[in-house]
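Engineer: Have a look at the structure that comes next, please.
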Amino acid sequence: MSAQTPSRPAVAAHGWVQALVVVLATAVAMGVVAALGLWAAGAADLPDGAFPRVVAATLVTAVGGTVELTGSAGGLASSDAELTVIPLSVTLTGALVVAAGFLRPLRHRAVAGAGELAGWAARIAVLWVLAMLALSFGARQTFTLSLGDLGEDALGDLGELFGIEPEVGFTTDVALSVFFGTLWLLGVLVLALLVARGAPLPARLLRFQESVRPAAYAMVVLLLAYVVLGLVIGLVVAATRGHVAETFAVLLLGLPNLAWPALTIGLGATWTGRVEGPFGLPMPQVLDEVLRGRDVSEVNLGTLAEQDVRMWWLLVVDAVLLPAVAVVMARRSPARVRPWQHALRMAVALALTVLMICLVGRISAHYGLSILGIGDLGGGLAGELFLKPRTWGALGLALLWGLVTGFLGGLPARRLRHRGEVPATTGPGVRG
């Protein structure tokens, strides 16, 4: 009987009410960030009370869900639209909140059974699926466009003559959105267990914590450091150069979309892209200048520095932050780990981090409208924006940087106190 008593508080701390609190807190936090960002971007002025549905669509895309753009323009016209982007500021907010809620009842424990962890995660996942269903069904709206508002008088007259009222809207693929949203949740929960040093693991996995946890923690620190730097730069831009609303819209919706690719560019990686038509990148302006043109452009340290020599600071920031997080990684590892082992772990961790950035940092947007063959790819009726990485080159550079900085970070860490080291001997009364 006494052996079962300690498990009761743990079970109570992992109940359905606590799981509901975690899911609601995550959804509310993401919704607030998305709503503020969309409001700053002017989405509150959308007709037909569409603002809540746009917020719902933003939350769906933030966790990997699929939102499809729709359009129709009648028999005498044609329209085409496409949008692929993840609002990573909303994604990061949700990940931090759900990870904190998941780990809170598990703190101050060294070991937890696989069944206990799976049951706690399953409760959160079930309620999260219900939340995703509600958001997916709510993220649907159609808008009617006025051709005269697009600045094309001739096409506006044609539209009035033939009674053409183009419509654009969005809808969700419910099944795919729920599937990818659930994968996102499970990935965040697994990452939370990998990163948090105080989180319990099943006994069979304890042998992996010395090699995996310090590297995972270091990469999270690196990503958050870049977000903080981007936030500081964004606030300075808003205070000194105006465009406050547009800047805050970018910060609240897509700060990591700019900060994390900047990390890869500082490593020497190249992204390719193009901006044409009404689409634009409000911050930083130098990126818009490099991408805007008729041909596909390369975005790297060289092309950015041609527009603004200060872009070389991206290289300096990487050269400072990467050795710093390598020291953090080494300090959280046992002292017996050798520098070459730190180098390998840092290389693998950085390569996986860069791969994640390459996968989630892609942007693609297109809109086109043609009436009687007039207007396609012209004026304000069409536009294209895309940005994608050269993944293999970025991964190779990440491996190289990881090997060098991991080795260098492991050298001074050998003389520092190691938080991750387990004492060689423990007495009977000492807790492990």
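Chain identifiers are assigned as A, B, and so on, following the order in which chains appear in the structure tokens; residues are numbered from 1 within each chain, and ligands are numbered from 1 in order of appearance.
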Near stretch 245-247 of chain A, within 12 Å and counting only C-alpha atoms, which residues show up once chain neighbours fewer than 3 positions away are dropped, as a PyMOL selection string?
Structural biologist: chain A and resi 36-43+230-242+250-255+280-285
Engineer: Can you pull out the residues contacting A:Trp271? Cut-off 9 Å, using only C-alpha atoms, and skip same-chain residues under 3 positions away; I want them as an MDAnalysis selection string.
Structural biologist: chainID A and resid 261 265 297:300 387:391
Engineer: Which parts of stretch 217-383 of chain A does DSSP call strand (DSSP E) when run on the backbone here, written out as a PyMOL selection string?
Structural biologist: chain A and resi 271-276+297-299+363-371+383
Engineer: Produce a table with one row for each residue of stretch 247-310 of chain A that has an atom at most 10 Å from any atom of stretch 344-356 of chain A, each row naming the nearest atom pair and its distance in Å at one decimal; use only C-alpha atoms; arrange rows by chain and rising residue number; format as a tab-separated table.
Structural biologist:
```
residue	atom	partner	partner_atom	distance
A:Trp260	CA	A:Val354	CA	8.6
A:Pro261	CA	A:Val354	CA	8.6
A:Leu263	CA	A:Val354	CA	8.5
A:Thr264	CA	A:Val354	CA	6.7
A:Leu267	CA	A:Val354	CA	9.9
A:Ala269	CA	A:Val354	CA	9.9
```
Engineer: List the neighbours of A:Ile86 out to 8 Å using only C-alpha atoms; skip same-chain residues closer than 6 positions along the sequence, and give me the result as number ranges by chain.
Structural biologist: A: 61-64, 254, 257, 360-361, 363
Engineer: Could you save the residues just selected, with N, CA, C and O atoms, as an mmCIF file, in the first residue's frame?
Structural biologist:
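Generated file (part21.cif):
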```
data_model
loop_
_atom_site.group_PDB
_atom_site.id
_atom_site.type_symbol
_atom_site.label_atom_id
_atom_site.label_comp_id
_atom_site.auth_asym_id
_atom_site.auth_seq_id
_atom_site.Cartn_x
_atom_site.Cartn_y
_atom_site.Cartn_z
ATOM 1 N N THR A 61 -1.986 27.692 -39.490
ATOM 2 C CA THR A 61 -0.720 27.653 -40.227
ATOM 3 C C THR A 61 0.481 27.667 -39.293
ATOM 4 O O THR A 61 1.542 27.140 -39.630
ATOM 5 N N ALA A 62 0.343 28.263 -38.108
ATOM 6 C CA ALA A 62 1.466 28.348 -37.174
ATOM 7 C C ALA A 62 1.902 26.983 -36.673
ATOM 8 O O ALA A 62 3.062 26.808 -36.274
ATOM 9 N N VAL A 63 1.006 26.008 -36.679
ATOM 10 C CA VAL A 63 1.362 24.663 -36.197
ATOM 11 C C VAL A 63 1.455 23.665 -37.342
ATOM 12 O O VAL A 63 1.373 22.459 -37.134
ATOM 13 N N GLY A 64 1.636 24.170 -38.555
ATOM 14 C CA GLY A 64 1.846 23.297 -39.693
ATOM 15 C C GLY A 64 0.605 22.932 -40.456
ATOM 16 O O GLY A 64 0.668 22.115 -41.381
ATOM 17 N N GLY A 254 6.171 37.293 -37.670
ATOM 18 C CA GLY A 254 7.236 36.603 -38.392
ATOM 19 C C GLY A 254 8.641 36.955 -37.996
ATOM 20 O O GLY A 254 9.551 36.894 -38.836
ATOM 21 N N ASN A 257 10.994 34.236 -38.729
ATOM 22 C CA ASN A 257 11.106 34.057 -40.175
ATOM 23 C C ASN A 257 12.254 34.868 -40.754
ATOM 24 O O ASN A 257 12.777 34.542 -41.825
ATOM 25 N N VAL A 360 11.189 25.258 -42.271
ATOM 26 C CA VAL A 360 10.088 26.117 -41.810
ATOM 27 C C VAL A 360 10.237 27.560 -42.263
ATOM 28 O O VAL A 360 9.286 28.342 -42.159
ATOM 29 N N GLY A 361 11.412 27.942 -42.761
ATOM 30 C CA GLY A 361 11.638 29.337 -43.123
ATOM 31 C C GLY A 361 11.285 29.693 -44.557
ATOM 32 O O GLY A 361 11.443 30.839 -44.973
ATOM 33 N N ILE A 363 9.190 30.776 -47.795
ATOM 34 C CA ILE A 363 8.051 31.670 -48.022
ATOM 35 C C ILE A 363 7.683 31.607 -49.493
ATOM 36 O O ILE A 363 8.551 31.641 -50.367
#
```
Engineer: Give me the residues within 12 Å of A:Leu186 as a short mmCIF file (atom, residue, chain, number, x, y, z; two decimals) with N, CA and C atoms, in the first residue's frame, counting only C-alpha atoms and dropping any in the same chain fewer than 6 places off.
Structural biologist:
```
data_model
loop_
_atom_site.label_atom_id
_atom_site.label_comp_id
_atom_site.auth_asym_id
_atom_site.auth_seq_id
_atom_site.Cartn_x
_atom_site.Cartn_y
_atom_site.Cartn_z
N VAL A 63 1.01 26.01 -36.68
CA VAL A 63 1.36 24.66 -36.20
C VAL A 63 1.45 23.67 -37.34
N ALA A 95 4.85 27.04 -28.71
CA ALA A 95 5.79 26.01 -28.29
C ALA A 95 6.29 26.26 -26.87
N VAL A 98 3.18 25.60 -24.32
CA VAL A 98 2.80 24.20 -24.16
C VAL A 98 3.93 23.39 -23.53
N ALA A 99 5.18 23.73 -23.83
CA ALA A 99 6.30 23.02 -23.21
C ALA A 99 6.35 23.30 -21.71
N PHE A 102 3.53 21.40 -20.06
CA PHE A 102 3.79 19.96 -20.04
C PHE A 102 4.80 19.58 -18.98
N LEU A 117 4.49 9.30 -18.80
CA LEU A 117 4.74 10.38 -19.75
C LEU A 117 3.81 10.29 -20.95
N ALA A 118 3.60 9.07 -21.45
CA ALA A 118 2.72 8.90 -22.60
C ALA A 118 1.28 9.26 -22.25
N TRP A 120 0.22 11.40 -19.93
CA TRP A 120 0.15 12.86 -19.77
C TRP A 120 0.15 13.54 -21.14
N ALA A 121 1.02 13.09 -22.03
CA ALA A 121 1.06 13.66 -23.37
C ALA A 121 -0.22 13.35 -24.14
N ALA A 122 -0.78 12.16 -23.94
CA ALA A 122 -2.00 11.78 -24.66
C ALA A 122 -3.18 12.65 -24.26
N ARG A 123 -3.28 12.97 -22.97
CA ARG A 123 -4.37 13.85 -22.53
C ARG A 123 -4.30 15.20 -23.22
N ILE A 124 -3.09 15.76 -23.25
CA ILE A 124 -2.92 17.05 -23.92
C ILE A 124 -3.22 16.92 -25.41
N ALA A 125 -2.77 15.83 -26.03
CA ALA A 125 -2.96 15.65 -27.46
C ALA A 125 -4.44 15.52 -27.83
N VAL A 126 -5.21 14.79 -27.03
CA VAL A 126 -6.63 14.63 -27.32
C VAL A 126 -7.34 15.98 -27.31
N TRP A 128 -5.93 18.84 -27.67
CA TRP A 128 -5.36 19.66 -28.74
C TRP A 128 -6.01 19.34 -30.08
N VAL A 129 -6.31 18.08 -30.33
CA VAL A 129 -7.00 17.71 -31.56
C VAL A 129 -8.36 18.38 -31.64
N PHE A 179 -3.71 16.62 -38.55
CA PHE A 179 -2.58 15.69 -38.56
C PHE A 179 -1.27 16.42 -38.29
N PHE A 180 -1.00 17.49 -39.04
CA PHE A 180 0.27 18.20 -38.85
C PHE A 180 0.27 18.98 -37.55
N ALA A 192 10.81 19.31 -25.52
CA ALA A 192 10.82 19.82 -24.15
C ALA A 192 11.51 18.84 -23.22
N LEU A 193 11.24 17.55 -23.39
CA LEU A 193 11.91 16.54 -22.56
C LEU A 193 13.40 16.48 -22.83
#
```
Engineer: Can you check which residues of stretch 222-297 of chain A DSSP gives as helix (DSSP H, G or I) on the backbone and send them as a ChimeraX atom specification?
Structural biologist: /A:222-241,244-267,285-291
Engineer: Would you compute the distance between atom CA of A:Val228 and atom CA of A:Thr91? Give it in Å to one decimal.
Structural biologist: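 Atom-to-atom, atom CA of A:Val228 and atom CA of A:Thr91 are spaced 15.4 Å apart.
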Engineer: With only C-alpha atoms as the counted atoms, please give the residues lying no more than 12 Å from A:Leu304, apart from itself and same-chain residues fewer than 3 positions off, as a list of chain:residue names.
Structural biologist: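 Listing them by chain and then by number gives A:Ala262, A:Ile265, A:Gly266, A:Gly268, A:Thr270, A:Trp271, A:Pro284, A:Gln285, A:Val286, A:Leu287, A:Asp288, A:Glu289, A:Val290, A:Leu291, A:Ser297, A:Glu298, A:Val299, A:Asn300, A:Leu301, A:Gln307, A:Asp308, A:Val309, A:Arg310, A:Met311, A:Trp312, A:Trp313, A:Leu314, A:Leu315.
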Engineer: For a quick check of understanding, using only C-alpha atoms, which of A:Gly198, A:Gly101, A:Pro47, A:Gly65 has the smallest distance to A:Val21?
Structural biologist: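 Result for the nearest residue to A:Val21: A:Gly101.
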Engineer: So how many Å separate atom CA of A:Ala196 and atom CA of A:Met132, to one decimal?
Structural biologist: 26.4 Å
Engineer: Counting only C-alpha atoms, which of A:Pro339, A:Gly94, A:Pro323, A:Gly402 gets nearest to A:Trp184?
Structural biologist: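 Counting only C-alpha atoms, the residue closest to A:Trp184 is A:Gly94.
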Engineer: Which is closest to A:Trp340 among A:Gly393, A:Phe407, A:Val190, A:Val328, if we use only C-alpha atoms?
Structural biologist: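 That would be A:Phe407, the residue with the smallest distance to A:Trp340.
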Engineer: Here is a test: counting only C-alpha atoms, which residue of A:Pro105, A:Leu24, A:Gln209, A:Val111 is nearest to A:Leu130?
Structural biologist: A:Leu24
Engineer: Could you name the residues that touch A:Gly31 at 10 Å or less, counting only C-alpha atoms, but leaving out those on the same chain fewer than 2 positions away, as a PyMOL selection string?
Structural biologist: chain A and resi 25-29+33-37+52+55-56+58-59+90+93-94
Engineer: Would you mind reading off the distance between atom CA of A:Val404 and atom CA of A:Ala343, one decimal, in Å?
Structural biologist: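 Going from atom CA of A:Val404 over to atom CA of A:Ala343, I get 6.6 Å.
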